[in-house]
file input_4.tsv (TSV, C-alpha atoms and all ligand atoms)
chain	number	residue	atom	x	y	z
A	1	MET	CA	4.36	8.02	-30.98
A	2	ILE	CA	5.36	4.45	-30.11
A	3	PRO	CA	3.00	2.32	-28.05
A	4	LEU	CA	5.27	0.62	-25.56
A	5	SER	CA	3.13	-1.80	-23.62
A	6	GLU	CA	0.41	-4.24	-24.50
A	7	PRO	CA	-2.87	-3.93	-22.58
A	8	LYS	CA	-4.10	-7.14	-21.04
A	9	GLU	CA	-5.81	-8.74	-18.08
A	10	GLY	CA	-3.28	-10.12	-15.70
A	11	ALA	CA	-0.57	-7.62	-16.63
A	12	SER	CA	1.07	-8.77	-13.40
A	13	GLY	CA	0.11	-12.42	-13.79
A	14	LYS	CA	-2.59	-14.40	-12.06
A	15	THR	CA	-2.93	-12.29	-8.93
A	16	GLY	CA	-5.37	-14.83	-7.50
A	17	ARG	CA	-2.27	-16.61	-6.24
A	18	TRP	CA	-1.85	-13.86	-3.63
A	19	ARG	CA	-4.94	-15.03	-1.73
A	20	THR	CA	-4.82	-16.41	1.78
A	21	GLU	CA	-8.59	-16.26	2.10
A	22	LYS	CA	-11.14	-16.79	-0.57
A	23	PRO	CA	-14.60	-15.22	-1.01
A	24	VAL	CA	-17.29	-17.84	-1.53
A	25	LEU	CA	-20.61	-16.79	-3.01
A	26	ASN	CA	-23.91	-18.27	-1.90
A	27	LYS	CA	-26.06	-17.86	-5.00
A	28	GLU	CA	-29.23	-18.53	-3.03
A	29	ARG	CA	-28.73	-15.42	-0.95
A	30	CYS	CA	-27.41	-13.16	-3.73
A	31	THR	CA	-29.95	-10.67	-5.10
A	32	ASN	CA	-27.61	-9.50	-7.86
A	33	CYS	CA	-27.57	-5.95	-6.44
A	34	LEU	CA	-23.97	-5.47	-7.70
A	35	LEU	CA	-22.69	-3.65	-4.62
A	36	CYS	CA	-19.79	-6.11	-4.39
A	37	TRP	CA	-19.08	-5.38	-8.03
A	38	VAL	CA	-18.81	-1.62	-7.57
A	39	TYR	CA	-16.56	-1.94	-4.50
A	40	CYS	CA	-14.19	-4.71	-5.58
A	41	PRO	CA	-10.75	-3.08	-5.88
A	42	GLU	CA	-9.72	-5.63	-8.43
A	43	GLY	CA	-12.67	-5.72	-10.81
A	44	ALA	CA	-12.69	-9.45	-10.12
A	45	ILE	CA	-16.46	-9.71	-9.77
A	46	GLU	CA	-18.22	-10.38	-13.00
A	47	ARG	CA	-21.82	-9.80	-13.84
A	48	THR	CA	-23.49	-12.75	-15.50
A	49	GLU	CA	-27.08	-13.20	-16.68
A	50	ASP	CA	-28.60	-13.54	-13.23
A	51	LYS	CA	-25.96	-13.63	-10.46
A	52	VAL	CA	-22.43	-12.32	-9.97
A	53	GLU	CA	-19.40	-14.54	-10.34
A	54	ILE	CA	-15.98	-14.21	-8.73
A	55	ASP	CA	-12.97	-14.43	-10.99
A	56	TYR	CA	-10.54	-16.47	-8.90
A	57	ASP	CA	-7.77	-15.94	-11.43
A	58	TYR	CA	-7.42	-12.36	-10.21
A	59	CYS	CA	-9.36	-12.01	-6.90
A	60	LYS	CA	-6.77	-11.14	-4.23
A	61	GLY	CA	-9.00	-12.17	-1.34
A	62	CYS	CA	-9.19	-8.75	0.31
A	63	GLY	CA	-12.63	-9.38	1.82
A	64	VAL	CA	-14.22	-6.08	0.76
A	65	CYS	CA	-17.04	-7.87	-1.08
A	66	ALA	CA	-17.86	-10.03	1.96
A	67	ASN	CA	-17.97	-6.94	4.19
A	68	GLU	CA	-20.10	-4.88	1.84
A	69	CYS	CA	-22.70	-7.46	0.80
A	70	ALA	CA	-25.82	-6.49	2.73
A	71	ARG	CA	-27.28	-9.98	2.13
A	72	LYS	CA	-24.23	-11.75	3.59
A	73	ALA	CA	-24.10	-13.76	0.40
A	74	ILE	CA	-20.29	-13.83	0.41
A	75	VAL	CA	-18.21	-15.41	3.17
A	76	MET	CA	-14.44	-15.60	3.41
A	77	GLU	CA	-12.91	-19.05	3.78
A	78	ASP	CA	-9.29	-20.12	4.21
A	79	GLU	CA	-7.62	-20.98	0.93
B	1	MET	CA	-25.53	17.21	-17.80
B	2	ASN	CA	-28.42	16.37	-15.51
B	3	GLU	CA	-29.46	13.33	-17.49
B	4	PHE	CA	-26.60	11.21	-16.21
B	5	ASN	CA	-28.26	9.00	-13.65
B	6	PRO	CA	-26.11	5.92	-13.20
B	7	THR	CA	-27.43	2.55	-12.05
B	8	LEU	CA	-25.16	-0.31	-11.11
B	9	LYS	CA	-26.60	-2.48	-13.86
B	10	GLY	CA	-25.92	0.18	-16.46
B	11	LEU	CA	-22.40	0.80	-15.18
B	12	ALA	CA	-21.59	-2.91	-15.05
B	13	ALA	CA	-22.40	-3.19	-18.74
B	14	LYS	CA	-19.60	-0.72	-19.51
B	15	GLU	CA	-16.18	-1.99	-20.41
B	16	GLU	CA	-13.66	-2.21	-17.56
B	17	ILE	CA	-10.81	0.16	-18.39
B	18	LEU	CA	-8.58	-0.78	-15.44
B	19	MET	CA	-8.31	-4.51	-16.03
B	20	PRO	CA	-7.87	-7.07	-13.22
B	21	GLY	CA	-4.51	-8.63	-12.54
B	22	HIS	CA	-2.60	-5.46	-11.69
B	23	ARG	CA	-0.14	-5.22	-8.84
B	24	LEU	CA	-1.99	-2.88	-6.48
B	25	CYS	CA	-2.30	-4.38	-2.99
B	26	ALA	CA	-5.32	-6.45	-1.99
B	27	GLY	CA	-7.94	-4.02	-0.69
B	28	CYS	CA	-6.34	-0.91	-2.19
B	29	GLY	CA	-8.63	2.15	-2.19
B	30	ALA	CA	-6.99	3.71	-5.25
B	31	SER	CA	-8.21	1.05	-7.64
B	32	ILE	CA	-11.79	1.49	-6.39
B	33	VAL	CA	-11.54	5.24	-7.01
B	34	VAL	CA	-10.18	4.65	-10.50
B	35	ARG	CA	-12.73	1.97	-11.41
B	36	GLN	CA	-15.58	4.23	-10.34
B	37	VAL	CA	-14.22	7.35	-12.08
B	38	LEU	CA	-13.79	5.43	-15.31
B	39	LYS	CA	-17.43	4.35	-15.19
B	40	ALA	CA	-18.27	8.03	-15.68
B	41	THR	CA	-16.61	8.42	-19.09
B	42	ARG	CA	-18.79	9.56	-22.00
B	43	GLY	CA	-16.60	8.52	-24.93
B	44	PRO	CA	-12.96	8.20	-25.98
B	45	THR	CA	-10.77	9.23	-23.07
B	46	ILE	CA	-7.03	9.72	-22.68
B	47	LEU	CA	-5.54	9.06	-19.24
B	48	VAL	CA	-2.55	10.79	-17.70
B	49	ASN	CA	-0.98	9.21	-14.64
B	50	ALA	CA	1.53	10.71	-12.25
B	51	THR	CA	4.26	8.63	-10.72
B	52	GLY	CA	2.90	6.77	-7.72
B	53	CYS	CA	1.45	3.43	-6.62
B	54	LEU	CA	-1.22	3.51	-9.28
B	55	GLU	CA	1.30	3.98	-12.05
B	56	VAL	CA	3.96	1.49	-10.96
B	57	ALA	CA	1.46	-1.23	-10.10
B	58	THR	CA	-0.48	-1.11	-13.36
B	59	THR	CA	2.23	-0.87	-15.96
B	60	ILE	CA	4.62	-3.75	-15.52
B	61	TYR	CA	6.57	-3.78	-18.79
B	62	PRO	CA	5.83	-5.09	-21.42
B	63	TYR	CA	2.18	-5.07	-20.33
B	64	THR	CA	-0.32	-2.54	-19.05
B	65	SER	CA	-3.60	-2.94	-17.18
B	66	TRP	CA	-5.13	0.06	-18.94
B	67	ALA	CA	-7.53	-0.60	-21.80
B	68	ALA	CA	-7.35	3.05	-22.90
B	69	PRO	CA	-4.64	5.43	-24.13
B	70	TRP	CA	-2.51	6.16	-21.08
B	71	ILE	CA	0.54	8.34	-20.59
B	72	HIS	CA	2.90	8.30	-17.64
B	73	SER	CA	4.18	11.54	-16.31
B	74	ALA	CA	6.60	12.48	-13.54
B	75	PHE	CA	5.46	13.52	-10.08
B	76	GLU	CA	5.99	17.19	-10.91
B	77	ASN	CA	4.11	17.64	-14.13
B	78	THR	CA	0.91	15.62	-14.35
B	79	ALA	CA	-1.21	18.70	-14.92
B	80	ALA	CA	1.29	20.03	-17.47
B	81	THR	CA	1.29	16.71	-19.34
B	82	ALA	CA	-2.52	16.69	-19.35
B	83	SER	CA	-2.48	20.28	-20.66
B	84	GLY	CA	-0.23	19.16	-23.50
B	85	VAL	CA	-2.52	16.26	-24.36
B	86	VAL	CA	-5.51	18.62	-24.45
B	87	ALA	CA	-3.59	21.05	-26.69
B	88	ALA	CA	-2.69	18.24	-29.10
B	89	GLU	CA	-6.27	17.02	-29.17
B	90	ARG	CA	-7.50	20.53	-29.92
B	91	ALA	CA	-5.00	20.83	-32.78
B	92	PHE	CA	-6.18	17.51	-34.26
B	93	GLU	CA	-9.77	18.66	-34.01
B	94	LYS	CA	-8.96	21.97	-35.68
B	95	LYS	CA	-7.35	20.15	-38.58
B	96	GLY	CA	-10.48	18.09	-39.02
B	97	LEU	CA	-8.89	14.89	-37.76
B	98	GLY	CA	-11.80	13.95	-35.53
B	99	LYS	CA	-13.45	15.10	-32.36
B	100	ARG	CA	-11.13	15.52	-29.39
B	101	SER	CA	-11.13	12.98	-26.57
B	102	ASP	CA	-11.76	13.71	-22.93
B	103	VAL	CA	-8.68	13.84	-20.72
B	104	ILE	CA	-8.47	12.58	-17.14
B	105	ALA	CA	-5.36	12.89	-15.00
B	106	PHE	CA	-4.79	10.70	-11.94
B	107	ALA	CA	-2.33	11.65	-9.23
B	108	GLY	CA	-1.80	10.81	-5.59
B	109	ASP	CA	-1.41	13.21	-2.69
B	110	GLY	CA	2.38	13.40	-3.00
B	111	GLY	CA	2.01	14.34	-6.65
B	112	THR	CA	-0.72	16.87	-5.90
B	113	TYR	CA	-0.26	18.56	-2.52
B	114	ASP	CA	3.52	18.69	-2.78
B	115	ILE	CA	5.51	17.86	-5.90
B	116	GLY	CA	2.95	18.49	-8.64
B	117	PHE	CA	1.24	21.48	-7.09
B	118	GLN	CA	2.91	24.15	-9.22
B	119	ALA	CA	1.89	22.42	-12.47
B	120	LEU	CA	-1.64	21.92	-11.14
B	121	SER	CA	-2.04	25.53	-10.09
B	122	GLY	CA	-0.73	26.67	-13.47
B	123	ALA	CA	-3.16	24.46	-15.39
B	124	LEU	CA	-6.07	25.70	-13.28
B	125	GLU	CA	-5.07	29.30	-13.88
B	126	ARG	CA	-4.77	28.72	-17.64
B	127	GLY	CA	-8.21	27.13	-17.66
B	128	GLU	CA	-7.10	23.83	-19.23
B	129	ASP	CA	-9.98	21.50	-20.07
B	130	PHE	CA	-9.44	18.24	-18.19
B	131	LEU	CA	-10.51	16.41	-15.06
B	132	TYR	CA	-7.81	16.06	-12.43
B	133	VAL	CA	-8.46	13.21	-10.00
B	134	LEU	CA	-6.55	13.22	-6.74
B	135	TYR	CA	-6.58	9.85	-4.97
B	136	ASP	CA	-5.58	10.82	-1.48
B	137	ASN	CA	-4.04	8.14	0.74
B	138	GLU	CA	-2.42	10.76	2.93
B	139	ALA	CA	1.26	9.80	2.56
B	140	TYR	CA	3.94	8.67	0.08
B	141	MET	CA	2.85	5.04	0.12
B	142	ASN	CA	4.70	3.91	-2.98
B	143	THR	CA	8.12	4.79	-1.55
B	144	GLY	CA	7.44	3.46	1.95
B	145	ILE	CA	4.83	5.50	3.84
B	146	GLN	CA	6.58	8.86	4.23
B	147	ARG	CA	4.54	11.87	5.35
B	148	SER	CA	3.14	14.25	2.75
B	149	GLY	CA	1.37	17.61	2.85
B	150	SER	CA	-1.81	15.60	3.08
B	151	THR	CA	-0.93	13.47	6.11
B	152	PRO	CA	-3.16	14.56	9.00
B	153	ARG	CA	-1.86	15.67	12.38
B	154	TYR	CA	-0.88	12.80	14.73
B	155	ALA	CA	-0.80	10.18	12.00
B	156	TRP	CA	2.06	7.71	12.17
B	157	THR	CA	4.25	7.45	9.06
B	158	THR	CA	7.82	6.16	8.70
B	159	THR	CA	9.12	9.74	8.76
B	160	THR	CA	6.80	10.86	11.57
B	161	PRO	CA	7.24	8.06	14.11
B	162	VAL	CA	5.32	7.73	17.35
B	163	GLY	CA	7.40	7.72	20.51
B	164	PRO	CA	8.19	9.65	23.68
B	165	ALA	CA	9.50	12.68	21.76
B	166	GLU	CA	6.67	13.14	19.29
B	167	MET	CA	3.39	11.59	18.36
B	168	GLY	CA	3.28	11.16	14.62
B	169	LYS	CA	3.03	14.14	12.29
B	170	LEU	CA	2.83	17.46	14.10
B	171	GLU	CA	1.61	19.61	11.22
B	172	TYR	CA	-1.91	19.79	9.81
B	173	LYS	CA	-3.33	18.49	6.54
B	174	LYS	CA	-3.23	21.08	3.77
B	175	PRO	CA	-6.76	22.20	2.77
B	176	ILE	CA	-6.27	21.33	-0.88
B	177	ASP	CA	-9.93	21.64	-1.88
B	178	LEU	CA	-10.19	25.19	-0.64
B	179	ILE	CA	-6.89	26.07	-2.30
B	180	VAL	CA	-8.05	24.60	-5.60
B	181	ALA	CA	-11.49	26.21	-5.32
B	182	ALA	CA	-9.79	29.56	-4.73
B	183	HIS	CA	-8.57	29.34	-8.36
B	184	ASP	CA	-12.21	29.87	-9.27
B	185	ILE	CA	-12.39	26.90	-11.63
B	186	PRO	CA	-15.75	25.68	-13.00
B	187	TYR	CA	-15.88	22.51	-10.90
B	188	ALA	CA	-14.22	21.07	-7.80
B	189	ALA	CA	-15.52	18.31	-5.53
B	190	THR	CA	-14.66	15.78	-2.86
B	191	ALA	CA	-15.76	12.14	-3.00
B	192	SER	CA	-15.56	8.80	-1.23
B	193	PRO	CA	-15.90	5.52	-3.17
B	194	ALA	CA	-18.18	4.28	-0.36
B	195	TYR	CA	-20.74	6.70	-1.85
B	196	TRP	CA	-20.30	5.40	-5.37
B	197	ARG	CA	-23.15	7.28	-7.02
B	198	ASP	CA	-22.01	10.60	-5.62
B	199	LEU	CA	-18.46	9.93	-6.84
B	200	ILE	CA	-19.47	8.83	-10.33
B	201	VAL	CA	-21.90	11.71	-10.86
B	202	LYS	CA	-19.21	14.17	-9.76
B	203	ALA	CA	-16.63	12.58	-12.07
B	204	ARG	CA	-19.08	12.92	-14.96
B	205	LYS	CA	-19.69	16.59	-14.14
B	206	GLY	CA	-15.94	17.11	-14.09
B	207	ILE	CA	-15.62	15.49	-17.50
B	208	GLU	CA	-18.47	17.47	-19.04
B	209	VAL	CA	-17.59	20.89	-17.74
B	210	GLU	CA	-15.60	23.18	-20.07
B	211	GLY	CA	-12.33	24.04	-18.35
B	212	PRO	CA	-10.53	22.54	-15.37
B	213	ALA	CA	-12.27	20.20	-12.94
B	214	PHE	CA	-10.83	18.74	-9.76
B	215	LEU	CA	-12.04	15.63	-7.94
B	216	HIS	CA	-10.52	14.84	-4.57
B	217	ALA	CA	-11.25	11.25	-3.54
B	218	ILE	CA	-10.27	9.74	-0.22
B	219	SER	CA	-8.35	6.52	-0.88
B	220	THR	CA	-7.40	4.11	1.89
B	221	CYS	CA	-4.06	2.31	1.91
B	222	ASP	CA	-4.15	-0.77	4.09
B	223	ARG	CA	-0.35	-0.98	4.30
B	224	GLY	CA	0.09	2.66	5.28
B	225	TRP	CA	-3.04	3.13	7.35
B	226	ARG	CA	-2.52	-0.26	8.99
B	227	HIS	CA	-5.99	-1.70	8.62
B	228	ASP	CA	-7.64	-4.94	7.56
B	229	THR	CA	-7.90	-5.23	3.80
B	230	GLY	CA	-11.61	-6.00	4.05
B	231	GLU	CA	-12.34	-2.72	5.86
B	232	THR	CA	-11.32	-0.47	2.99
B	233	VAL	CA	-14.78	0.69	2.00
B	234	GLU	CA	-16.00	0.80	5.60
B	235	ILE	CA	-13.19	3.22	6.51
B	236	MET	CA	-13.90	5.43	3.49
B	237	ARG	CA	-17.55	5.48	4.61
B	238	LEU	CA	-16.63	6.38	8.20
B	239	ALA	CA	-14.44	9.22	6.92
B	240	VAL	CA	-17.66	10.80	5.65
B	241	GLU	CA	-19.93	9.75	8.53
B	242	THR	CA	-17.56	11.32	11.06
B	243	CYS	CA	-17.20	14.50	8.95
B	244	TYR	CA	-13.45	13.90	8.77
B	245	PHE	CA	-13.90	14.03	4.99
B	246	PRO	CA	-17.08	15.97	4.10
B	247	LEU	CA	-18.62	15.46	0.67
B	248	PHE	CA	-19.17	18.70	-1.19
B	249	GLU	CA	-18.85	20.31	-4.59
B	250	VAL	CA	-18.04	23.80	-5.81
B	251	GLU	CA	-19.74	24.67	-9.08
B	252	ASN	CA	-18.88	28.06	-10.53
B	253	GLY	CA	-17.98	29.34	-7.10
B	254	GLU	CA	-21.04	27.96	-5.35
B	255	PHE	CA	-20.38	25.50	-2.51
B	256	ARG	CA	-22.86	22.69	-1.91
B	257	LEU	CA	-22.87	19.68	0.44
B	258	THR	CA	-23.80	16.39	-1.22
B	259	SER	CA	-24.92	12.88	-0.35
B	260	ARG	CA	-24.35	11.74	3.25
B	261	SER	CA	-22.77	15.04	4.30
B	262	LYS	CA	-25.89	16.89	3.25
B	263	ALA	CA	-27.98	14.49	5.34
B	264	ILE	CA	-25.68	14.99	8.35
B	265	ALA	CA	-26.02	18.78	8.06
B	266	LYS	CA	-29.79	18.38	8.22
B	267	ARG	CA	-29.70	15.80	11.01
B	268	PRO	CA	-26.61	16.41	13.16
B	269	GLU	CA	-27.34	13.33	15.30
B	270	LEU	CA	-26.11	11.23	12.34
B	271	LYS	CA	-22.57	12.56	12.80
B	272	LYS	CA	-20.34	9.89	14.36
B	273	PRO	CA	-17.37	10.58	16.66
B	274	VAL	CA	-14.06	10.71	14.80
B	275	SER	CA	-12.74	7.87	16.98
B	276	GLU	CA	-14.93	5.50	14.93
B	277	PHE	CA	-12.82	6.36	11.90
B	278	LEU	CA	-9.49	6.42	13.75
B	279	LYS	CA	-9.79	3.21	15.75
B	280	LEU	CA	-9.82	0.92	12.72
B	281	GLN	CA	-6.41	2.23	11.67
B	282	GLY	CA	-3.09	1.31	13.22
B	283	ARG	CA	-1.58	4.66	12.18
B	284	PHE	CA	-3.77	6.28	14.83
B	285	SER	CA	-3.63	3.54	17.49
B	286	HIS	CA	-1.78	5.84	19.93
B	287	LEU	CA	-4.74	8.25	19.85
B	288	ILE	CA	-7.06	5.59	21.19
B	289	LYS	CA	-4.95	4.96	24.34
B	290	PRO	CA	-6.48	6.43	27.52
B	291	GLU	CA	-3.33	8.46	28.30
B	292	ASN	CA	-3.74	10.32	25.02
B	293	ALA	CA	-7.37	11.28	25.50
B	294	ASP	CA	-6.41	14.97	25.26
B	295	LYS	CA	-4.91	14.40	21.80
B	296	LEU	CA	-8.02	12.56	20.65
B	297	GLU	CA	-10.14	15.42	21.89
B	298	GLU	CA	-7.94	17.86	19.99
B	299	VAL	CA	-8.48	15.83	16.80
B	300	GLN	CA	-12.24	15.78	17.38
B	301	LYS	CA	-12.24	19.57	17.85
B	302	GLY	CA	-10.25	19.98	14.65
B	303	VAL	CA	-12.75	17.86	12.72
B	304	ASP	CA	-15.67	19.82	14.23
B	305	ARG	CA	-14.07	23.12	13.30
B	306	TYR	CA	-13.44	22.02	9.72
B	307	TRP	CA	-16.97	20.64	9.37
B	308	GLU	CA	-18.47	23.92	10.63
B	309	LYS	CA	-16.34	25.82	8.14
B	310	ILE	CA	-17.41	23.66	5.20
B	311	LYS	CA	-21.06	23.80	6.28
B	312	LYS	CA	-20.88	27.58	6.40
B	313	LEU	CA	-19.30	27.76	2.95
B	314	CYS	CA	-22.13	25.53	1.73
B	315	GLY	CA	-24.72	27.82	3.27
B	316	GLU	CA	-25.94	25.22	5.78
C	1	LIG	S1	-23.42	-7.61	-2.88
C	1	LIG	FE1	-24.20	-9.62	-2.25
C	1	LIG	S2	-26.31	-9.69	-2.97
C	1	LIG	FE2	-25.31	-7.99	-4.05
C	1	LIG	S3	-24.59	-8.93	-5.97
C	1	LIG	FE3	-22.89	-9.06	-4.52
C	1	LIG	S4	-23.11	-11.09	-3.57
C	1	LIG	FE4	-25.04	-10.61	-4.59
C	2	LIG	S1	-12.13	-10.65	-2.09
C	2	LIG	FE1	-11.57	-8.58	-2.79
C	2	LIG	S2	-10.59	-8.93	-4.81
C	2	LIG	FE2	-11.73	-10.79	-4.31
C	2	LIG	S3	-13.71	-10.51	-5.30
C	2	LIG	FE3	-13.94	-9.81	-3.15
C	2	LIG	S4	-13.55	-7.60	-3.25
C	2	LIG	FE4	-12.78	-8.48	-5.19

call {"tool": "encode", "arguments": {"input": "input_4.tsv", "output": "structure tokens", "more": "lines below"}}
Ligand code: SF4
Ligand code: SF4
result
Amino acid sequence: MIPLSEPKEGASGKTGRWRTEKPVLNKERCTNCLLCWVYCPEGAIERTEDKVEIDYDYCKGCGVCANECARKAIVMEDE
Amino acid sequence: MNEFNPTLKGLAAKEEILMPGHRLCAGCGASIVVRQVLKATRGPTILVNATGCLEVATTIYPYTSWAAPWIHSAFENTAATASGVVAAERAFEKKGLGKRSDVIAFAGDGGTYDIGFQALSGALERGEDFLYVLYDNEAYMNTGIQRSGSTPRYAWTTTTPVGPAEMGKLEYKKPIDLIVAAHDIPYAATASPAYWRDLIVKARKGIEVEGPAFLHAISTCDRGWRHDTGETVEIMRLAVETCYFPLFEVENGEFRLTSRSKAIAKRPELKKPVSEFLKLQGRFSHLIKPENADKLEEVQKGVDRYWEKIKKLCGE
């Protein structure tokens, strides 16, 4: 068996460049519930010690996290 | 099996197998399905992937977004490829070369309802031990939104246009869950990523069960369904809340409603009109026009009929 491809983040490059809108996190409002994390299609939300963090290298700006955050801690802004 | 009680904190600590930076569209439902399913793994897992969006968008040579052993298979033979992987793993185990890995196959609706159905049915009949995950976006999205056996009646696709002569697809969606369940396999279930715990618990059951397991997840496609990328999860939630896509499982022949669908069966006033689900999607925009009220009513009746049928099977 020959492994053909190398696994890596950004197999298709820095997909953050696709964004037209950008999710911005308000850490004050965030309760670290991780709902945005479980719904992000990209896996671009990272869990840190206390709050989440958005990985702008790969976030495609879909807006799912902003829609699903019950605390309205994420808002979409123009890039 | 009953000990698996996932929390988001626990799941977030697990390694991400589908790594970011793939080429699936912004707001794609398929990647949410896959991310959630892969949070249910219990150890080394081998993935089999049919041709489709998920495959082409995650394996741009010479790289791959999969941090696990992954094998591509044609549209026709995902379940056959998975059967082969299981057989090889069994042989290794027999020879004392280590415990066999779990096997999960991912395929879309084109690769399941239509092209790969024969291989799937065969694997179910032979009792092969793997979890088959169908991510159902209700058309051939990868090749340009052509209708499939899963496309619902009146949905627009590029091969079922909307115009004076016809109004989208004229045929009905194939009842794949009931067809699969009729094979009398140990486990079959439906799921929506909006109900993440329900989906992940079901995926885990499918992995743990001995013999074939089938998980049918609804999976929005913003390009093909014509909706805002940010509404992906909302639409997959409305699919359940309107009973367009009831959540249930079939364990050793016993049907059971789960999660929100179970709550709706108990409190019917929670059931939303199907128009709530349809109106967010451009592929159904013609159904929302006043002159097509009769068609909308027909769709609502179809949903009601299906929901009653599933409820009855589930003994509700
Ligand atoms: S959903 Fe909102 S509150 Fe919860 S972790 Fe994400 S940003 Fe924070
Ligand atoms: S905008 Fe979309 S891709 Fe970006 S972090 Fe939010 S959910 Fe993930």

call {"tool": "residues_near_ligand", "arguments": {"input": "input_4.tsv", "ligand": "ligand LIG 1 (chain C)", "cutoff": "9 Å", "atoms": "only C-alpha atoms and all ligand atoms", "output": "list in words"}}
result
Leu25, Asn26, Lys27, Arg29, Cys30, Thr31, Asn32, Cys33, Leu34, Leu35, Cys36, Trp37, Val38, Ile45, Arg47, Lys51, Val52, Glu53, Cys65, Ala66, Asn67, Glu68, Cys69, Ala70, Arg71, Lys72, Ala73 and Ile74 of chain A

call {"tool": "residues_near_ligand", "arguments": {"input": "input_4.tsv", "ligand": "ligand LIG 2 (chain C)", "cutoff": "6 Å", "atoms": "all atoms listed in the file", "output": "list in words"}}
result
Pro23, Cys40, Pro41, Glu42, Ala44, Ile45, Ile54, Cys59, Lys60, Gly61, Cys62, Gly63, Val64 and Cys65 of chain A

call {"tool": "atom_distance", "arguments": {"input": "input_4.tsv", "atom1": "atom CA of B:Arg35", "atom2": "atom CA of B:Tyr135"}}
result
11.9 Å

call {"tool": "closest_residue", "arguments": {"input": "input_4.tsv", "among": "B:Gly211, B:Pro161, B:Gly21, B:Gly116", "to": "A:Thr15", "atoms": "all atoms listed in the file"}}
result
B:Gly21

call {"tool": "atom_distance", "arguments": {"input": "input_4.tsv", "atom1": "atom CA of B:Asn292", "atom2": "atom CA of B:Glu276"}}
result
15.8 Å

call {"tool": "interface_residues", "arguments": {"input": "input_4.tsv", "of": "chain B", "to": "chain A", "cutoff": "9 Å", "atoms": "all atoms listed in the file", "output": "number ranges by chain"}}
result
B: 8-9, 11-13, 16, 18-33, 35-36, 57-68, 193-194, 196, 228-234

call {"tool": "write_last_selection", "arguments": {"input": "input_4.tsv", "atoms": "C-alpha atoms", "output": "PDB file, in the frame of the given file"}}
result
ATOM      1  CA  LEU B   8     -25.160  -0.310 -11.110  1.00  0.00           C
ATOM      2  CA  LYS B   9     -26.600  -2.480 -13.860  1.00  0.00           C
ATOM      3  CA  LEU B  11     -22.400   0.800 -15.180  1.00  0.00           C
ATOM      4  CA  ALA B  12     -21.590  -2.910 -15.050  1.00  0.00           C
ATOM      5  CA  ALA B  13     -22.400  -3.190 -18.740  1.00  0.00           C
ATOM      6  CA  GLU B  16     -13.660  -2.210 -17.560  1.00  0.00           C
ATOM      7  CA  LEU B  18      -8.580  -0.780 -15.440  1.00  0.00           C
ATOM      8  CA  MET B  19      -8.310  -4.510 -16.030  1.00  0.00           C
ATOM      9  CA  PRO B  20      -7.870  -7.070 -13.220  1.00  0.00           C
ATOM     10  CA  GLY B  21      -4.510  -8.630 -12.540  1.00  0.00           C
ATOM     11  CA  HIS B  22      -2.600  -5.460 -11.690  1.00  0.00           C
ATOM     12  CA  ARG B  23      -0.140  -5.220  -8.840  1.00  0.00           C
ATOM     13  CA  LEU B  24      -1.990  -2.880  -6.480  1.00  0.00           C
ATOM     14  CA  CYS B  25      -2.300  -4.380  -2.990  1.00  0.00           C
ATOM     15  CA  ALA B  26      -5.320  -6.450  -1.990  1.00  0.00           C
ATOM     16  CA  GLY B  27      -7.940  -4.020  -0.690  1.00  0.00           C
ATOM     17  CA  CYS B  28      -6.340  -0.910  -2.190  1.00  0.00           C
ATOM     18  CA  GLY B  29      -8.630   2.150  -2.190  1.00  0.00           C
ATOM     19  CA  ALA B  30      -6.990   3.710  -5.250  1.00  0.00           C
ATOM     20  CA  SER B  31      -8.210   1.050  -7.640  1.00  0.00           C
ATOM     21  CA  ILE B  32     -11.790   1.490  -6.390  1.00  0.00           C
ATOM     22  CA  VAL B  33     -11.540   5.240  -7.010  1.00  0.00           C
ATOM     23  CA  ARG B  35     -12.730   1.970 -11.410  1.00  0.00           C
ATOM     24  CA  GLN B  36     -15.580   4.230 -10.340  1.00  0.00           C
ATOM     25  CA  ALA B  57       1.460  -1.230 -10.100  1.00  0.00           C
ATOM     26  CA  THR B  58      -0.480  -1.110 -13.360  1.00  0.00           C
ATOM     27  CA  THR B  59       2.230  -0.870 -15.960  1.00  0.00           C
ATOM     28  CA  ILE B  60       4.620  -3.750 -15.520  1.00  0.00           C
ATOM     29  CA  TYR B  61       6.570  -3.780 -18.790  1.00  0.00           C
ATOM     30  CA  PRO B  62       5.830  -5.090 -21.420  1.00  0.00           C
ATOM     31  CA  TYR B  63       2.180  -5.070 -20.330  1.00  0.00           C
ATOM     32  CA  THR B  64      -0.320  -2.540 -19.050  1.00  0.00           C
ATOM     33  CA  SER B  65      -3.600  -2.940 -17.180  1.00  0.00           C
ATOM     34  CA  TRP B  66      -5.130   0.060 -18.940  1.00  0.00           C
ATOM     35  CA  ALA B  67      -7.530  -0.600 -21.800  1.00  0.00           C
ATOM     36  CA  ALA B  68      -7.350   3.050 -22.900  1.00  0.00           C
ATOM     37  CA  PRO B 193     -15.900   5.520  -3.170  1.00  0.00           C
ATOM     38  CA  ALA B 194     -18.180   4.280  -0.360  1.00  0.00           C
ATOM     39  CA  TRP B 196     -20.300   5.400  -5.370  1.00  0.00           C
ATOM     40  CA  ASP B 228      -7.640  -4.940   7.560  1.00  0.00           C
ATOM     41  CA  THR B 229      -7.900  -5.230   3.800  1.00  0.00           C
ATOM     42  CA  GLY B 230     -11.610  -6.000   4.050  1.00  0.00           C
ATOM     43  CA  GLU B 231     -12.340  -2.720   5.860  1.00  0.00           C
ATOM     44  CA  THR B 232     -11.320  -0.470   2.990  1.00  0.00           C
ATOM     45  CA  VAL B 233     -14.780   0.690   2.000  1.00  0.00           C
ATOM     46  CA  GLU B 234     -16.000   0.800   5.600  1.00  0.00           C
TER      47      GLU B 234
END
